[in-house]
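J.: Structure in structure tokens, see below.
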Amino acid sequence: MAREGAALSPDFSSSYIFPQNNAFPQDLTGSALRNRFYQEKGIFVGRRFVFEGPVISNLKAKSTRLGMLKPTRVVAKSAAKKKSALLLTSVNLRRRAEPKLPETTVGNILSIVAIVANSEETDARSFVSRTRETLSTMNGDFVKSLQGEHGLQSLCEYLRRHGESHSKGISNGDEIIVVNSWCNAGSYSIDFGWGKPLWFPAIVSALGISGSVIQLVDTRSGNGIEAWVSLDEEIMGVVEHDKELLSVASVDPSPFEIDSLK
């Protein structure tokens with residue numbers, strides 16, 4: 001604003017669409033849920049895998065040939081390497097409300113979603129189908145249910161069901177993987193007055209956590225994906241030397257080499 005004299009105005013409508021309520025249970029807060037998710041034992045290490053734009057395009061084309069209807073970059077990349085697991089991801093509700101909420105709406109307007117990848121569903125098509133089916137429930141009706149007099153009750157019921165899915169996954173011996181995507185979030189368009197960023201790392205959210213985490217962010221061009229991955233040290237030792245993975249991704253490349261940025 002100081003440099004150019006204009007900026008998009010923030011929208012504060014969420015403060016009355018989803019009013020604060022002191023009756024919200026403390027065991028369902030974000031910090032309480034995170035403490036439940038990130039309590040795995042072991043030594044966890046982080047690596048960064050970069051999938052360039054042409055590779056993502058090839059993965060999407062391959063997915064289409066397998067019969068998947070126009071998978072997104074994130075879904076196509078996630079389907080490339082998958083095992084039986086409970087995938088926890090967050091969804092931006094701004095775009096799913098009816099009518100849509102402005103992108104400039106202030107607040108953490110998102111919801112956590114649990115995607116179950118059953119052991120008998122070992123092909124990418126089944127995974128993509130289940131992902132679409134699960135995410136389709138995050139629609140205008142769901143967002144509307146979180147509003148009004150019964151909004152808090154609906155939210156609490158949803159979060160408790162989500163917690164039950166997590167507990168069931170642990171008891172069944174499923175691998176719990178937190179997968180978050182900040183792709184298409186406009187991270188490289190942010191300008192606080194000294195220019196747009198050359199590199200937007202996701203290190204804070206993906207590393208130093210006692211749990212399996214995959215944090216996806218755009219590359220600078222917007223066509224590729226950087227995957228910041230936290231895994232058990234022993235598992236990571238296998239993953240970072242996997243020939244199939246290394247054929248489509250580079251490990252910890254310099255930010256100035258991505259998208260031919262010099």
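Chain identifiers are assigned as A, B, and so on, following the order in which chains appear in the structure tokens; residues are numbered from 1 within each chain, and ligands are numbered from 1 in order of appearance.
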Apply DSSP to the backbone of this structure and, from region 7-57 of chain A, keep only the residues in strand (DSSP E); write these as a list in words.
T.: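 Matching residues, listed in order: Phe44, Val45, Gly46, Arg47, Arg48, Phe49, Val50 and Phe51 of chain A.
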J.: At a cut-off of 10 Å, using only C-alpha atoms, what residues contact region 237-245 of chain A? Leave out same-chain residues fewer than 4 positions from it and give the result as a ChimeraX atom specification.
T.: /A:45,47-49,51,80-81,231-233,249-251
J.: Those residues you just picked out, can you put them in a file as a JSON list (two decimals), in the first residue's frame with all heavy atoms?
T.:
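Now in again09.json:
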[["chain", "number", "residue", "atom", "x", "y", "z"],
["A", 45, "VAL", "N", 12.56, -36.94, 10.54],
["A", 45, "VAL", "CA", 13.43, -36.05, 9.77],
["A", 45, "VAL", "C", 12.64, -35.48, 8.60],
["A", 45, "VAL", "O", 11.63, -36.03, 8.18],
["A", 45, "VAL", "CB", 14.68, -36.79, 9.25],
["A", 45, "VAL", "CG1", 15.54, -37.28, 10.39],
["A", 45, "VAL", "CG2", 14.27, -37.97, 8.35],
["A", 47, "ARG", "N", 12.55, -33.71, 4.62],
["A", 47, "ARG", "CA", 13.16, -33.56, 3.31],
["A", 47, "ARG", "C", 12.20, -32.75, 2.42],
["A", 47, "ARG", "O", 11.01, -32.67, 2.70],
["A", 47, "ARG", "CB", 13.44, -34.91, 2.65],
["A", 47, "ARG", "CG", 14.47, -35.76, 3.35],
["A", 47, "ARG", "CD", 15.88, -35.22, 3.23],
["A", 47, "ARG", "NE", 16.84, -36.14, 3.83],
["A", 47, "ARG", "CZ", 17.18, -36.13, 5.11],
["A", 47, "ARG", "NH1", 16.63, -35.26, 5.95],
["A", 47, "ARG", "NH2", 18.05, -37.00, 5.57],
["A", 48, "ARG", "N", 12.75, -32.20, 1.36],
["A", 48, "ARG", "CA", 11.96, -31.41, 0.43],
["A", 48, "ARG", "C", 12.08, -32.03, -0.96],
["A", 48, "ARG", "O", 13.16, -32.18, -1.50],
["A", 48, "ARG", "CB", 12.49, -29.98, 0.43],
["A", 48, "ARG", "CG", 11.74, -29.01, -0.41],
["A", 48, "ARG", "CD", 12.26, -27.59, -0.11],
["A", 48, "ARG", "NE", 12.60, -26.89, -1.31],
["A", 48, "ARG", "CZ", 13.82, -26.79, -1.83],
["A", 48, "ARG", "NH1", 14.84, -27.36, -1.22],
["A", 48, "ARG", "NH2", 14.03, -26.12, -2.93],
["A", 49, "PHE", "N", 10.93, -32.42, -1.53],
["A", 49, "PHE", "CA", 10.89, -33.01, -2.86],
["A", 49, "PHE", "C", 10.18, -32.04, -3.80],
["A", 49, "PHE", "O", 9.07, -31.60, -3.51],
["A", 49, "PHE", "CB", 10.15, -34.35, -2.84],
["A", 49, "PHE", "CG", 10.76, -35.37, -1.91],
["A", 49, "PHE", "CD1", 10.32, -35.49, -0.59],
["A", 49, "PHE", "CD2", 11.78, -36.21, -2.34],
["A", 49, "PHE", "CE1", 10.88, -36.43, 0.26],
["A", 49, "PHE", "CE2", 12.35, -37.14, -1.49],
["A", 49, "PHE", "CZ", 11.90, -37.25, -0.18],
["A", 51, "PHE", "N", 8.59, -31.27, -7.51],
["A", 51, "PHE", "CA", 8.03, -31.81, -8.75],
["A", 51, "PHE", "C", 7.82, -30.64, -9.71],
["A", 51, "PHE", "O", 6.97, -29.78, -9.47],
["A", 51, "PHE", "CB", 6.69, -32.50, -8.47],
["A", 51, "PHE", "CG", 6.79, -33.66, -7.51],
["A", 51, "PHE", "CD1", 6.88, -33.44, -6.14],
["A", 51, "PHE", "CD2", 6.78, -34.97, -7.97],
["A", 51, "PHE", "CE1", 6.97, -34.50, -5.24],
["A", 51, "PHE", "CE2", 6.88, -36.04, -7.08],
["A", 51, "PHE", "CZ", 6.97, -35.80, -5.72],
["A", 80, "ALA", "N", 0.40, -40.63, -6.86],
["A", 80, "ALA", "CA", 1.59, -41.24, -7.43],
["A", 80, "ALA", "C", 2.25, -42.21, -6.46],
["A", 80, "ALA", "O", 2.79, -43.23, -6.86],
["A", 80, "ALA", "CB", 2.58, -40.16, -7.86],
["A", 81, "LYS", "N", 2.24, -41.85, -5.16],
["A", 81, "LYS", "CA", 2.82, -42.73, -4.15],
["A", 81, "LYS", "C", 1.85, -42.80, -2.98],
["A", 81, "LYS", "O", 1.59, -41.81, -2.32],
["A", 81, "LYS", "CB", 4.16, -42.18, -3.66],
["A", 81, "LYS", "CG", 5.25, -42.16, -4.71],
["A", 81, "LYS", "CD", 5.70, -43.54, -5.09],
["A", 81, "LYS", "CE", 6.60, -44.14, -4.06],
["A", 81, "LYS", "NZ", 7.12, -45.47, -4.47],
["A", 231, "LEU", "N", 9.01, -37.58, 7.97],
["A", 231, "LEU", "CA", 8.75, -39.00, 8.14],
["A", 231, "LEU", "C", 9.70, -39.58, 9.17],
["A", 231, "LEU", "O", 10.73, -39.00, 9.49],
["A", 231, "LEU", "CB", 8.95, -39.75, 6.81],
["A", 231, "LEU", "CG", 7.97, -39.47, 5.67],
["A", 231, "LEU", "CD1", 8.43, -40.19, 4.40],
["A", 231, "LEU", "CD2", 6.56, -39.90, 6.03],
["A", 232, "ASP", "N", 9.33, -40.75, 9.66],
["A", 232, "ASP", "CA", 10.23, -41.48, 10.55],
["A", 232, "ASP", "C", 11.57, -41.67, 9.84],
["A", 232, "ASP", "O", 11.62, -41.92, 8.63],
["A", 232, "ASP", "CB", 9.61, -42.84, 10.90],
["A", 232, "ASP", "CG", 10.51, -43.67, 11.78],
["A", 232, "ASP", "OD1", 10.50, -43.49, 13.01],
["A", 232, "ASP", "OD2", 11.27, -44.50, 11.22],
["A", 233, "GLU", "N", 12.66, -41.53, 10.58],
["A", 233, "GLU", "CA", 14.00, -41.54, 10.00],
["A", 233, "GLU", "C", 14.25, -42.79, 9.16],
["A", 233, "GLU", "O", 14.82, -42.72, 8.07],
["A", 233, "GLU", "CB", 15.03, -41.45, 11.12],
["A", 233, "GLU", "CG", 16.45, -41.30, 10.66],
["A", 233, "GLU", "CD", 17.41, -41.11, 11.82],
["A", 233, "GLU", "OE1", 17.18, -41.72, 12.89],
["A", 233, "GLU", "OE2", 18.38, -40.35, 11.66],
["A", 249, "ALA", "N", 11.06, -36.46, -9.19],
["A", 249, "ALA", "CA", 11.26, -35.38, -8.22],
["A", 249, "ALA", "C", 12.74, -35.21, -7.92],
["A", 249, "ALA", "O", 13.52, -36.15, -8.00],
["A", 249, "ALA", "CB", 10.49, -35.67, -6.93],
["A", 250, "SER", "N", 13.12, -33.98, -7.57],
["A", 250, "SER", "CA", 14.48, -33.70, -7.11],
["A", 250, "SER", "C", 14.43, -33.45, -5.61],
["A", 250, "SER", "O", 13.44, -32.93, -5.08],
["A", 250, "SER", "CB", 15.05, -32.49, -7.84],
["A", 250, "SER", "OG", 14.18, -31.37, -7.74],
["A", 251, "VAL", "N", 15.52, -33.81, -4.91],
["A", 251, "VAL", "CA", 15.56, -33.72, -3.46],
["A", 251, "VAL", "C", 16.35, -32.48, -3.04],
["A", 251, "VAL", "O", 17.51, -32.33, -3.39],
["A", 251, "VAL", "CB", 16.19, -34.98, -2.84],
["A", 251, "VAL", "CG1", 16.17, -34.89, -1.31],
["A", 251, "VAL", "CG2", 15.47, -36.23, -3.31]]
J.: At a cut-off of 7 Å, using only C-alpha atoms, what residues contact Asp11 (chain A)? Leave out same-chain residues fewer than 2 positions from it and give the result as number ranges by chain.
T.: A: 9, 13, 104-106
J.: With N, CA, C and O atoms kept, could you save the residues just selected as a compact mmCIF listing (two decimals), in the first residue's frame?
T.:
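Listing of again24.txt after writing:
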# COMPACT_ATOMS: atom_id res chain seq x y z
N SER A 9 -9.01 -4.66 -0.04
CA SER A 9 -9.49 -4.46 1.33
C SER A 9 -9.86 -5.79 1.96
O SER A 9 -10.52 -6.62 1.33
N SER A 13 -16.40 -10.16 7.25
CA SER A 13 -17.76 -10.68 7.40
C SER A 13 -17.80 -11.99 8.19
O SER A 13 -18.84 -12.33 8.78
N THR A 104 -10.49 -12.59 0.19
CA THR A 104 -9.88 -11.68 1.17
C THR A 104 -10.53 -11.78 2.54
O THR A 104 -10.22 -10.99 3.42
N THR A 105 -11.43 -12.76 2.72
CA THR A 105 -12.08 -12.94 4.01
C THR A 105 -11.06 -13.29 5.08
O THR A 105 -10.30 -14.25 4.93
N VAL A 106 -11.03 -12.54 6.15
CA VAL A 106 -10.06 -12.74 7.23
C VAL A 106 -10.50 -13.90 8.12
O VAL A 106 -11.67 -14.03 8.47
J.: Return the single residue from A:Val50, A:Leu8, A:Ile17, A:Leu88 that is closest to Val143 (chain A), with distances computed using only C-alpha atoms.
T.: A:Ile17
J.: Fewer than 3 positions away in the same chain doesn't count, so skip those; otherwise give me all residues within 9 Å of region 147-149 of chain A, counting only C-alpha atoms, as a PyMOL selection string.
T.: chain A and resi 17-19+143-144+152-154
J.: Region 108-192 of chain A: which residues are alpha helix (DSSP H) by DSSP, as a ChimeraX atom specification?
T.: /A:124-135,140-145,151-171
J.: Please provide the set of residues having any atom within 9 Å of Thr219 (chain A), restricted to only C-alpha atoms, with same-chain residues fewer than 2 positions apart removed, written as a list in words.
T.: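 Once the nearby chain positions are removed, what remains is Val50, Phe51, Glu52, Gly53, Cys183, Tyr188, Trp199, Phe200, Val217, Ser221, Gly222, Asn223, Gly224, Ile225, Glu226, Ile258 and Asp259 of chain A.
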J.: Select, from A:Thr134, A:Gly140, A:Lys196, A:Ser90, the residue with the minimum atom-to-atom distance to Val178 (chain A), counting only C-alpha atoms.
T.: A:Ser90
J.: Distance CA of Asp27 (chain A)-CA of Phe44 (chain A), one decimal place?
T.: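 Between CA of Asp27 (chain A) and CA of Phe44 (chain A) the gap is 25.8 Å.
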J.: Distance CA of Gly151 (chain A)-CA of Thr29 (chain A), one decimal place?
T.: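 Taking CA of Gly151 (chain A) as the start and CA of Thr29 (chain A) as the end point, the length is 15.5 Å.
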J.: Provide the CA of Leu159 (chain A) to CA of Val113 (chain A) distance in Å, to one decimal place.
T.: 9.4 Å
